[in-house]
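K.L.:
Please see the structure below; I have some questions.
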Amino acid sequence: MMPPTSTLFGQLGISLLLGLLVGLQREHAAATTGLRTFPLITVLGTVAALLALKFQSGGWIVAMGFIAVVAVLAVARSAKLKQEDYSHGSTTDVAVLVMYGVGALLVVGPMAVAIAIGGGVAVLLQFKPELHGFAQRLGDKDLRGIMQFVLITCIILPVLPNNPIFSSETYGPLAVLNPFQIWLMVVLIVGMSLGGYITYKFLGHNAGILLGGLLGGAISSTATTVSYSRQARGSLIGPSTAAVVILIASTMVFARVLIEIAVVAPGFLHCAAPPICVLAALTALPSLAVWYRMRHTPAPMPEQDNPTQLKSAVFFGVMYALVLLALAAAKEYTSHEYLYAVAGLSGLTDMDAITLSTATMVRNGELIEGDAMRMIVVASLANLVFKAGIVGLMANRRLLAQIVLLFSVPLTGGLLLLLF
């Protein structure tokens, strides 16, 4: 059934605009005709899909339109190939085919999806130099890491037992372990770290103090603490520079905590966000005050390890499962004080496992929000103490003195939050 006239004009108008957007980019960037061709192609797709609604087995109309577009492209390409100086690739031709499909999708599918695809095509075409530059920066090790993330996400995850599509059984002595859910948490953590690593690859080593801390925290705040402590001990950078980077990386931990809670247990966010934001502010403000005085100081970022190693993913999955078991055992067999002990021990080396575990238990109704919030605060304070210990072992006294002074602000604030 044909939609109302107003809807028809809306679909055709959006189709025209999306075609103009991609055509403008092609004509400007590739010096090829496109400003008129792409709108016509996209509108053709929309018209074909509208006609398909009117006739039985109308899918053939869309298919024939697609074949016609392919034929036009083939004729044009064969004519251009006869030119000796013709050296254009097939990107524009493929974009034409995609935009025909976008035009049809505006009618038969969700309009928001079609608009997103059309806009994405324009952005993808525009950022050709940046994408090629990124590909050239990737070494064999980096590409292997990306493929390992594909292995973790697209191959291992779907075949694990207890996929919620099939069942939701749990195993273990306390019936809290679900293989699919555990590995899903692995995918979340590795994906967040990989995002930081890819950004680091775009920006290179000369990211500066502020961006170095942000990227280091996105990849691994603990690894960043170790790297900059070593640099400070070797006098490669000043203690103030290292202290600021370590503090900014530690601030990023709280951002990761909020993202993890929002993904796993969105309803828990209203309780957990205020104290976490307070701790983040108390960690960030002292570091930003120091950074402002030395913001022009060069601080080369050390080489970062790719975070998608399968061994690391398995290790995190095991650690997450152990923390989940420990929390369930403490809740079942002991008093609430032992929950905070487990949180503190887990938070010493890693905030992700305890955050995801507590958020999962809150989502499943196994833990009240107030206890879970306090456990995350305890783990956060333990994590800061652990980083100070790393600095004490691996750096000089000047850096340790600055870290103790700067960390005392969030530590004091966190203790006050727990008390009051």
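Quick note on naming: the chains in the structure tokens go A, B, ... in the order shown, residues restart at 1 in each chain, and ligands are numbered from 1 in order of appearance.
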As an mmCIF file with N, CA and C atoms, in the first residue's frame, which residues of segment 58-165 of chain A does DSSP assign to helix (DSSP H, G or I)?

P.N.:
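Wrote it out as selection.cif, contents follow:
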data_model
loop_
_atom_site.group_PDB
_atom_site.id
_atom_site.type_symbol
_atom_site.label_atom_id
_atom_site.label_comp_id
_atom_site.auth_asym_id
_atom_site.auth_seq_id
_atom_site.Cartn_x
_atom_site.Cartn_y
_atom_site.Cartn_z
ATOM 1 N N GLY A 59 9.412 -6.822 -5.287
ATOM 2 C CA GLY A 59 10.850 -6.856 -5.066
ATOM 3 C C GLY A 59 11.639 -6.913 -6.362
ATOM 4 N N TRP A 60 11.005 -7.445 -7.423
ATOM 5 C CA TRP A 60 11.677 -7.507 -8.716
ATOM 6 C C TRP A 60 11.956 -6.111 -9.264
ATOM 7 N N ILE A 61 11.098 -5.166 -8.941
ATOM 8 C CA ILE A 61 11.313 -3.796 -9.427
ATOM 9 C C ILE A 61 12.594 -3.220 -8.837
ATOM 10 N N VAL A 62 12.782 -3.428 -7.534
ATOM 11 C CA VAL A 62 14.006 -2.950 -6.885
ATOM 12 C C VAL A 62 15.219 -3.667 -7.459
ATOM 13 N N ALA A 63 15.099 -4.977 -7.671
ATOM 14 C CA ALA A 63 16.221 -5.744 -8.212
ATOM 15 C C ALA A 63 16.573 -5.292 -9.623
ATOM 16 N N MET A 64 15.555 -5.059 -10.465
ATOM 17 C CA MET A 64 15.820 -4.610 -11.835
ATOM 18 C C MET A 64 16.442 -3.222 -11.854
ATOM 19 N N GLY A 65 16.007 -2.369 -10.920
ATOM 20 C CA GLY A 65 16.629 -1.047 -10.816
ATOM 21 C C GLY A 65 18.105 -1.170 -10.470
ATOM 22 N N PHE A 66 18.421 -2.081 -9.562
ATOM 23 C CA PHE A 66 19.814 -2.297 -9.182
ATOM 24 C C PHE A 66 20.623 -2.806 -10.369
ATOM 25 N N ILE A 67 20.061 -3.751 -11.122
ATOM 26 C CA ILE A 67 20.753 -4.283 -12.302
ATOM 27 C C ILE A 67 20.978 -3.174 -13.324
ATOM 28 N N ALA A 68 19.993 -2.288 -13.467
ATOM 29 C CA ALA A 68 20.130 -1.179 -14.415
ATOM 30 C C ALA A 68 21.265 -0.243 -14.003
ATOM 31 N N VAL A 69 21.364 0.026 -12.721
ATOM 32 C CA VAL A 69 22.450 0.879 -12.240
ATOM 33 C C VAL A 69 23.795 0.215 -12.507
ATOM 34 N N VAL A 70 23.889 -1.093 -12.240
ATOM 35 C CA VAL A 70 25.136 -1.819 -12.517
ATOM 36 C C VAL A 70 25.486 -1.742 -13.996
ATOM 37 N N ALA A 71 24.488 -1.874 -14.869
ATOM 38 C CA ALA A 71 24.740 -1.810 -16.313
ATOM 39 C C ALA A 71 25.255 -0.434 -16.724
ATOM 40 N N VAL A 72 24.656 0.620 -16.183
ATOM 41 C CA VAL A 72 25.116 1.983 -16.493
ATOM 42 C C VAL A 72 26.566 2.161 -16.047
ATOM 43 N N LEU A 73 26.866 1.681 -14.851
ATOM 44 C CA LEU A 73 28.244 1.792 -14.352
ATOM 45 C C LEU A 73 29.215 1.005 -15.233
ATOM 46 N N ALA A 74 28.800 -0.180 -15.682
ATOM 47 C CA ALA A 74 29.675 -1.011 -16.510
ATOM 48 C C ALA A 74 29.967 -0.340 -17.841
ATOM 49 N N VAL A 75 28.937 0.245 -18.455
ATOM 50 C CA VAL A 75 29.131 0.934 -19.739
ATOM 51 C C VAL A 75 30.061 2.130 -19.556
ATOM 52 N N ALA A 76 29.816 2.913 -18.479
ATOM 53 C CA ALA A 76 30.663 4.085 -18.235
ATOM 54 C C ALA A 76 32.098 3.672 -17.953
ATOM 55 N N ARG A 77 32.284 2.618 -17.189
ATOM 56 C CA ARG A 77 33.639 2.172 -16.860
ATOM 57 C C ARG A 77 34.364 1.655 -18.111
ATOM 58 N N SER A 78 33.680 0.910 -18.951
ATOM 59 C CA SER A 78 34.321 0.383 -20.158
ATOM 60 C C SER A 78 34.749 1.513 -21.082
ATOM 61 N N ALA A 79 33.946 2.580 -21.147
ATOM 62 C CA ALA A 79 34.322 3.730 -21.980
ATOM 63 C C ALA A 79 35.536 4.451 -21.405
ATOM 64 N N LYS A 80 35.579 4.591 -20.078
ATOM 65 C CA LYS A 80 36.698 5.300 -19.448
ATOM 66 C C LYS A 80 37.983 4.498 -19.502
ATOM 67 N N LEU A 81 37.868 3.159 -19.485
ATOM 68 C CA LEU A 81 39.068 2.332 -19.515
ATOM 69 C C LEU A 81 39.829 2.486 -20.827
ATOM 70 N N THR A 91 35.868 3.154 -5.977
ATOM 71 C CA THR A 91 35.169 3.643 -4.795
ATOM 72 C C THR A 91 33.869 4.344 -5.155
ATOM 73 N N THR A 92 33.930 5.212 -6.174
ATOM 74 C CA THR A 92 32.730 5.953 -6.563
ATOM 75 C C THR A 92 31.645 5.010 -7.067
ATOM 76 N N ASP A 93 32.042 3.995 -7.834
ATOM 77 C CA ASP A 93 31.050 3.042 -8.350
ATOM 78 C C ASP A 93 30.366 2.289 -7.214
ATOM 79 N N VAL A 94 31.147 1.860 -6.227
ATOM 80 C CA VAL A 94 30.562 1.154 -5.084
ATOM 81 C C VAL A 94 29.655 2.083 -4.289
ATOM 82 N N ALA A 95 30.065 3.348 -4.154
ATOM 83 C CA ALA A 95 29.223 4.316 -3.450
ATOM 84 C C ALA A 95 27.889 4.510 -4.164
ATOM 85 N N VAL A 96 27.914 4.472 -5.478
ATOM 86 C CA VAL A 96 26.666 4.578 -6.246
ATOM 87 C C VAL A 96 25.725 3.434 -5.892
ATOM 88 N N LEU A 97 26.248 2.219 -5.849
ATOM 89 C CA LEU A 97 25.407 1.060 -5.538
ATOM 90 C C LEU A 97 24.849 1.152 -4.116
ATOM 91 N N VAL A 98 25.688 1.587 -3.174
ATOM 92 C CA VAL A 98 25.221 1.714 -1.794
ATOM 93 C C VAL A 98 24.112 2.766 -1.699
ATOM 94 N N MET A 99 24.289 3.885 -2.388
ATOM 95 C CA MET A 99 23.290 4.955 -2.294
ATOM 96 C C MET A 99 21.972 4.560 -2.974
ATOM 97 N N TYR A 100 22.039 3.707 -3.982
ATOM 98 C CA TYR A 100 20.788 3.170 -4.541
ATOM 99 C C TYR A 100 20.056 2.369 -3.462
ATOM 100 N N GLY A 101 20.819 1.526 -2.750
ATOM 101 C CA GLY A 101 20.211 0.770 -1.661
ATOM 102 C C GLY A 101 19.684 1.654 -0.556
ATOM 103 N N VAL A 102 20.373 2.760 -0.251
ATOM 104 C CA VAL A 102 19.903 3.702 0.770
ATOM 105 C C VAL A 102 18.572 4.305 0.349
ATOM 106 N N GLY A 103 18.468 4.662 -0.920
ATOM 107 C CA GLY A 103 17.210 5.218 -1.406
ATOM 108 C C GLY A 103 16.053 4.251 -1.234
ATOM 109 N N ALA A 104 16.289 2.952 -1.514
ATOM 110 C CA ALA A 104 15.239 1.944 -1.327
ATOM 111 C C ALA A 104 14.943 1.724 0.148
ATOM 112 N N LEU A 105 15.978 1.748 0.974
ATOM 113 C CA LEU A 105 15.803 1.500 2.404
ATOM 114 C C LEU A 105 14.975 2.595 3.073
ATOM 115 N N LEU A 106 15.012 3.798 2.534
ATOM 116 C CA LEU A 106 14.193 4.889 3.083
ATOM 117 C C LEU A 106 12.706 4.549 3.055
ATOM 118 N N VAL A 107 12.314 3.672 2.147
ATOM 119 C CA VAL A 107 10.899 3.306 2.004
ATOM 120 C C VAL A 107 10.582 2.027 2.783
ATOM 121 N N VAL A 108 11.425 1.021 2.661
ATOM 122 C CA VAL A 108 11.073 -0.305 3.190
ATOM 123 C C VAL A 108 11.648 -0.575 4.576
ATOM 124 N N MET A 111 13.758 4.616 8.641
ATOM 125 C CA MET A 111 14.346 5.777 7.991
ATOM 126 C C MET A 111 15.630 6.222 8.678
ATOM 127 N N ALA A 112 15.677 6.105 10.010
ATOM 128 C CA ALA A 112 16.868 6.540 10.745
ATOM 129 C C ALA A 112 18.091 5.734 10.314
ATOM 130 N N VAL A 113 17.900 4.440 10.043
ATOM 131 C CA VAL A 113 19.017 3.586 9.614
ATOM 132 C C VAL A 113 19.513 4.030 8.242
ATOM 133 N N ALA A 114 18.581 4.305 7.328
ATOM 134 C CA ALA A 114 18.962 4.744 5.983
ATOM 135 C C ALA A 114 19.719 6.069 6.032
ATOM 136 N N ILE A 115 19.250 7.000 6.857
ATOM 137 C CA ILE A 115 19.935 8.290 6.991
ATOM 138 C C ILE A 115 21.327 8.096 7.562
ATOM 139 N N ALA A 116 21.447 7.230 8.560
ATOM 140 C CA ALA A 116 22.760 6.971 9.162
ATOM 141 C C ALA A 116 23.717 6.366 8.143
ATOM 142 N N ILE A 117 23.226 5.446 7.300
ATOM 143 C CA ILE A 117 24.092 4.836 6.289
ATOM 144 C C ILE A 117 24.521 5.875 5.260
ATOM 145 N N GLY A 118 23.584 6.683 4.807
ATOM 146 C CA GLY A 118 23.925 7.719 3.829
ATOM 147 C C GLY A 118 24.949 8.698 4.365
ATOM 148 N N GLY A 119 24.728 9.168 5.597
ATOM 149 C CA GLY A 119 25.705 10.063 6.212
ATOM 150 C C GLY A 119 27.042 9.377 6.421
ATOM 151 N N GLY A 120 27.000 8.102 6.815
ATOM 152 C CA GLY A 120 28.237 7.352 7.021
ATOM 153 C C GLY A 120 29.037 7.191 5.738
ATOM 154 N N VAL A 121 28.346 7.000 4.622
ATOM 155 C CA VAL A 121 29.042 6.897 3.331
ATOM 156 C C VAL A 121 29.795 8.187 3.034
ATOM 157 N N ALA A 122 29.130 9.336 3.241
ATOM 158 C CA ALA A 122 29.778 10.623 2.987
ATOM 159 C C ALA A 122 31.001 10.819 3.875
ATOM 160 N N VAL A 123 30.867 10.477 5.156
ATOM 161 C CA VAL A 123 31.998 10.631 6.085
ATOM 162 C C VAL A 123 33.141 9.685 5.696
ATOM 163 N N LEU A 124 32.815 8.454 5.350
ATOM 164 C CA LEU A 124 33.829 7.479 4.973
ATOM 165 C C LEU A 124 34.602 7.931 3.746
ATOM 166 N N LEU A 125 33.897 8.502 2.775
ATOM 167 C CA LEU A 125 34.562 8.988 1.573
ATOM 168 C C LEU A 125 35.430 10.207 1.864
ATOM 169 N N GLN A 126 34.971 11.068 2.755
ATOM 170 C CA GLN A 126 35.685 12.309 3.043
ATOM 171 C C GLN A 126 37.004 12.062 3.774
ATOM 172 N N LYS A 128 39.241 9.797 3.595
ATOM 173 C CA LYS A 128 40.151 8.871 2.913
ATOM 174 C C LYS A 128 41.606 9.053 3.349
ATOM 175 N N PRO A 129 42.161 10.284 3.364
ATOM 176 C CA PRO A 129 43.585 10.423 3.759
ATOM 177 C C PRO A 129 43.838 9.926 5.182
ATOM 178 N N GLU A 130 42.928 10.266 6.104
ATOM 179 C CA GLU A 130 43.114 9.847 7.491
ATOM 180 C C GLU A 130 43.044 8.329 7.629
ATOM 181 N N LEU A 131 42.122 7.705 6.908
ATOM 182 C CA LEU A 131 41.985 6.254 6.980
ATOM 183 C C LEU A 131 43.207 5.551 6.384
ATOM 184 N N HIS A 132 43.696 6.080 5.256
ATOM 185 C CA HIS A 132 44.902 5.503 4.664
ATOM 186 C C HIS A 132 46.103 5.704 5.587
ATOM 187 N N GLY A 133 46.183 6.894 6.224
ATOM 188 C CA GLY A 133 47.272 7.144 7.152
ATOM 189 C C GLY A 133 47.228 6.209 8.344
ATOM 190 N N PHE A 134 46.008 5.939 8.839
ATOM 191 C CA PHE A 134 45.861 5.016 9.961
ATOM 192 C C PHE A 134 46.294 3.608 9.570
ATOM 193 N N ALA A 135 45.884 3.181 8.378
ATOM 194 C CA ALA A 135 46.265 1.842 7.916
ATOM 195 C C ALA A 135 47.778 1.719 7.774
ATOM 196 N N GLN A 136 48.442 2.799 7.347
ATOM 197 C CA GLN A 136 49.888 2.759 7.189
ATOM 198 C C GLN A 136 50.600 2.744 8.538
ATOM 199 N N ARG A 137 49.966 3.339 9.570
ATOM 200 C CA ARG A 137 50.586 3.331 10.895
ATOM 201 C C ARG A 137 50.500 1.966 11.572
ATOM 202 N N ASP A 140 52.193 -5.135 11.722
ATOM 203 C CA ASP A 140 51.658 -6.505 11.739
ATOM 204 C C ASP A 140 51.106 -6.856 13.121
ATOM 205 N N LYS A 141 51.790 -6.379 14.162
ATOM 206 C CA LYS A 141 51.353 -6.654 15.531
ATOM 207 C C LYS A 141 49.993 -6.022 15.813
ATOM 208 N N ASP A 142 49.797 -4.787 15.321
ATOM 209 C CA ASP A 142 48.528 -4.092 15.549
ATOM 210 C C ASP A 142 47.388 -4.765 14.793
ATOM 211 N N LEU A 143 47.640 -5.124 13.549
ATOM 212 C CA LEU A 143 46.599 -5.786 12.760
ATOM 213 C C LEU A 143 46.241 -7.133 13.365
ATOM 214 N N ARG A 144 47.245 -7.842 13.869
ATOM 215 C CA ARG A 144 46.972 -9.112 14.543
ATOM 216 C C ARG A 144 46.101 -8.886 15.772
ATOM 217 N N GLY A 145 46.355 -7.781 16.486
ATOM 218 C CA GLY A 145 45.542 -7.461 17.655
ATOM 219 C C GLY A 145 44.091 -7.200 17.293
ATOM 220 N N ILE A 146 43.858 -6.478 16.193
ATOM 221 C CA ILE A 146 42.483 -6.215 15.753
ATOM 222 C C ILE A 146 41.789 -7.518 15.379
ATOM 223 N N MET A 147 42.524 -8.394 14.689
ATOM 224 C CA MET A 147 41.942 -9.681 14.325
ATOM 225 C C MET A 147 41.650 -10.527 15.568
ATOM 226 N N GLN A 148 42.481 -10.383 16.593
ATOM 227 C CA GLN A 148 42.218 -11.101 17.842
ATOM 228 C C GLN A 148 40.941 -10.590 18.504
ATOM 229 N N PHE A 149 40.676 -9.288 18.388
ATOM 230 C CA PHE A 149 39.415 -8.763 18.919
ATOM 231 C C PHE A 149 38.230 -9.334 18.137
ATOM 232 N N VAL A 150 38.401 -9.484 16.825
ATOM 233 C CA VAL A 150 37.357 -10.121 16.015
ATOM 234 C C VAL A 150 37.149 -11.560 16.478
ATOM 235 N N LEU A 151 38.257 -12.259 16.768
ATOM 236 C CA LEU A 151 38.156 -13.636 17.279
ATOM 237 C C LEU A 151 37.391 -13.665 18.597
ATOM 238 N N ILE A 152 37.742 -12.746 19.503
ATOM 239 C CA ILE A 152 37.094 -12.695 20.812
ATOM 240 C C ILE A 152 35.606 -12.400 20.685
ATOM 241 N N THR A 153 35.257 -11.498 19.774
ATOM 242 C CA THR A 153 33.885 -10.984 19.689
ATOM 243 C C THR A 153 32.995 -11.807 18.763
ATOM 244 N N CYS A 154 33.482 -12.069 17.560
ATOM 245 C CA CYS A 154 32.620 -12.637 16.516
ATOM 246 C C CYS A 154 32.686 -14.155 16.412
ATOM 247 N N ILE A 155 33.711 -14.766 16.992
ATOM 248 C CA ILE A 155 33.851 -16.227 16.869
ATOM 249 C C ILE A 155 33.632 -16.917 18.209
ATOM 250 N N ILE A 156 34.357 -16.467 19.244
ATOM 251 C CA ILE A 156 34.243 -17.141 20.543
ATOM 252 C C ILE A 156 32.910 -16.834 21.215
ATOM 253 N N LEU A 157 32.515 -15.558 21.273
ATOM 254 C CA LEU A 157 31.306 -15.170 22.011
ATOM 255 C C LEU A 157 30.043 -15.880 21.532
ATOM 256 N N PRO A 158 29.740 -15.910 20.225
ATOM 257 C CA PRO A 158 28.465 -16.517 19.811
ATOM 258 C C PRO A 158 28.346 -18.004 20.097
ATOM 259 N N VAL A 159 29.476 -18.733 20.184
ATOM 260 C CA VAL A 159 29.385 -20.186 20.336
ATOM 261 C C VAL A 159 29.454 -20.633 21.791
#

K.L.:
For Ala388 of chain A, list every protein, DNA or RNA residue within 12 Å, evaluated using only C-alpha atoms, and leave out those in the same chain fewer than 5 positions away; present the list as number ranges by chain.

P.N.:
A: 222, 225-226, 229, 243, 246-247, 250, 348-349, 381-383, 393-397, 399-408, 411

K.L.:
Write out as an mmCIF file with N, CA and C atoms, in the first residue's frame the residues lying within 6 Å of segment 275-282 of chain A, counting only C-alpha atoms and excluding same-chain residues fewer than 4 positions away.

P.N.:
data_model
loop_
_atom_site.group_PDB
_atom_site.id
_atom_site.type_symbol
_atom_site.label_atom_id
_atom_site.label_comp_id
_atom_site.auth_asym_id
_atom_site.auth_seq_id
_atom_site.Cartn_x
_atom_site.Cartn_y
_atom_site.Cartn_z
ATOM 1 N N THR A 251 42.018 9.318 36.674
ATOM 2 C CA THR A 251 40.687 9.913 36.511
ATOM 3 C C THR A 251 39.886 9.166 35.460
ATOM 4 N N PHE A 254 37.502 6.299 36.466
ATOM 5 C CA PHE A 254 36.124 6.575 36.889
ATOM 6 C C PHE A 254 35.195 6.696 35.679
ATOM 7 N N PRO A 410 41.659 12.789 46.582
ATOM 8 C CA PRO A 410 40.563 11.827 46.368
ATOM 9 C C PRO A 410 40.460 10.785 47.480
#

K.L.:
Skip segment 302-308 of chain A itself and residues of its chain fewer than 2 positions away, then list as a ChimeraX atom specification all residues within 10 Å of it, counting only C-alpha atoms.

P.N.:
/A:141-152,187,189-198,200-201,204-206,212,215-216,219-220,223-224,227-228,231,299-300,310-313

K.L.:
Excluding Leu419 of chain A and residues on its chain fewer than 2 positions from it, collect all residues at most 12 Å away from it, counting only C-alpha atoms, and give them as a VMD selection string.

P.N.:
chain A and resid 374 377 to 378 412 to 417

K.L.:
Hey, which of A:Ala273, A:Val176, A:Leu160, A:Ala49 ends up closest to Ala326 of chain A? Count only C-alpha atoms.

P.N.:
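That would be A:Val176, the residue with the smallest distance to Ala326 of chain A.
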
K.L.:
What is the atom CA of Gly13 of chain A-atom CA of Leu53 of chain A distance in Å, reported with one decimal?

P.N.:
18.4 Å

K.L.:
Tell me which of A:Ser335, A:Ser287, A:Gln181, A:Ser221 sits closest to Ala321 of chain A, counting only C-alpha atoms.

P.N.:
A:Gln181

K.L.:
Could you work out how far atom CA of Ile248 of chain A lies from atom CA of Val264 of chain A, giving the answer in Å with one decimal?

P.N.:
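We find that atom CA of Val264 of chain A and atom CA of Ile248 of chain A lie 24.9 Å from each other.
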
K.L.:
Could you state the separation of atom CA of Ser380 of chain A and atom CA of Leu203 of chain A in Å, given to one decimal place?

P.N.:
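Answer for the atom CA of Ser380 of chain A to atom CA of Leu203 of chain A separation: 29.0 Å.
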
K.L.:
Counting only C-alpha atoms, which residue out of A:Leu44, A:Leu138, A:Leu35, A:Met373 sits closest to Leu12 of chain A?

P.N.:
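Among the listed residues, the smallest separation from Leu12 of chain A belongs to A:Leu44.
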
K.L.:
Choose the residue, out of A:Ala289, A:Ile182, A:Ala329, A:Met252, that has the smallest atom-to-atom separation from Ser357 of chain A; count only C-alpha atoms.

P.N.:
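Checking each of A:Ala289, A:Ile182, A:Ala329, A:Met252 against Ser357 of chain A, counting only C-alpha atoms, the winner is A:Ile182.
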
K.L.:
Would you pick out the contacts of Asp371 of chain A at 10 Å or less, using only C-alpha atoms, so that residues sharing its chain but fewer than 5 positions from it are not included, and give the list as a ChimeraX atom specification?

P.N.:
/A:336-337,339-340,358,362,376-377
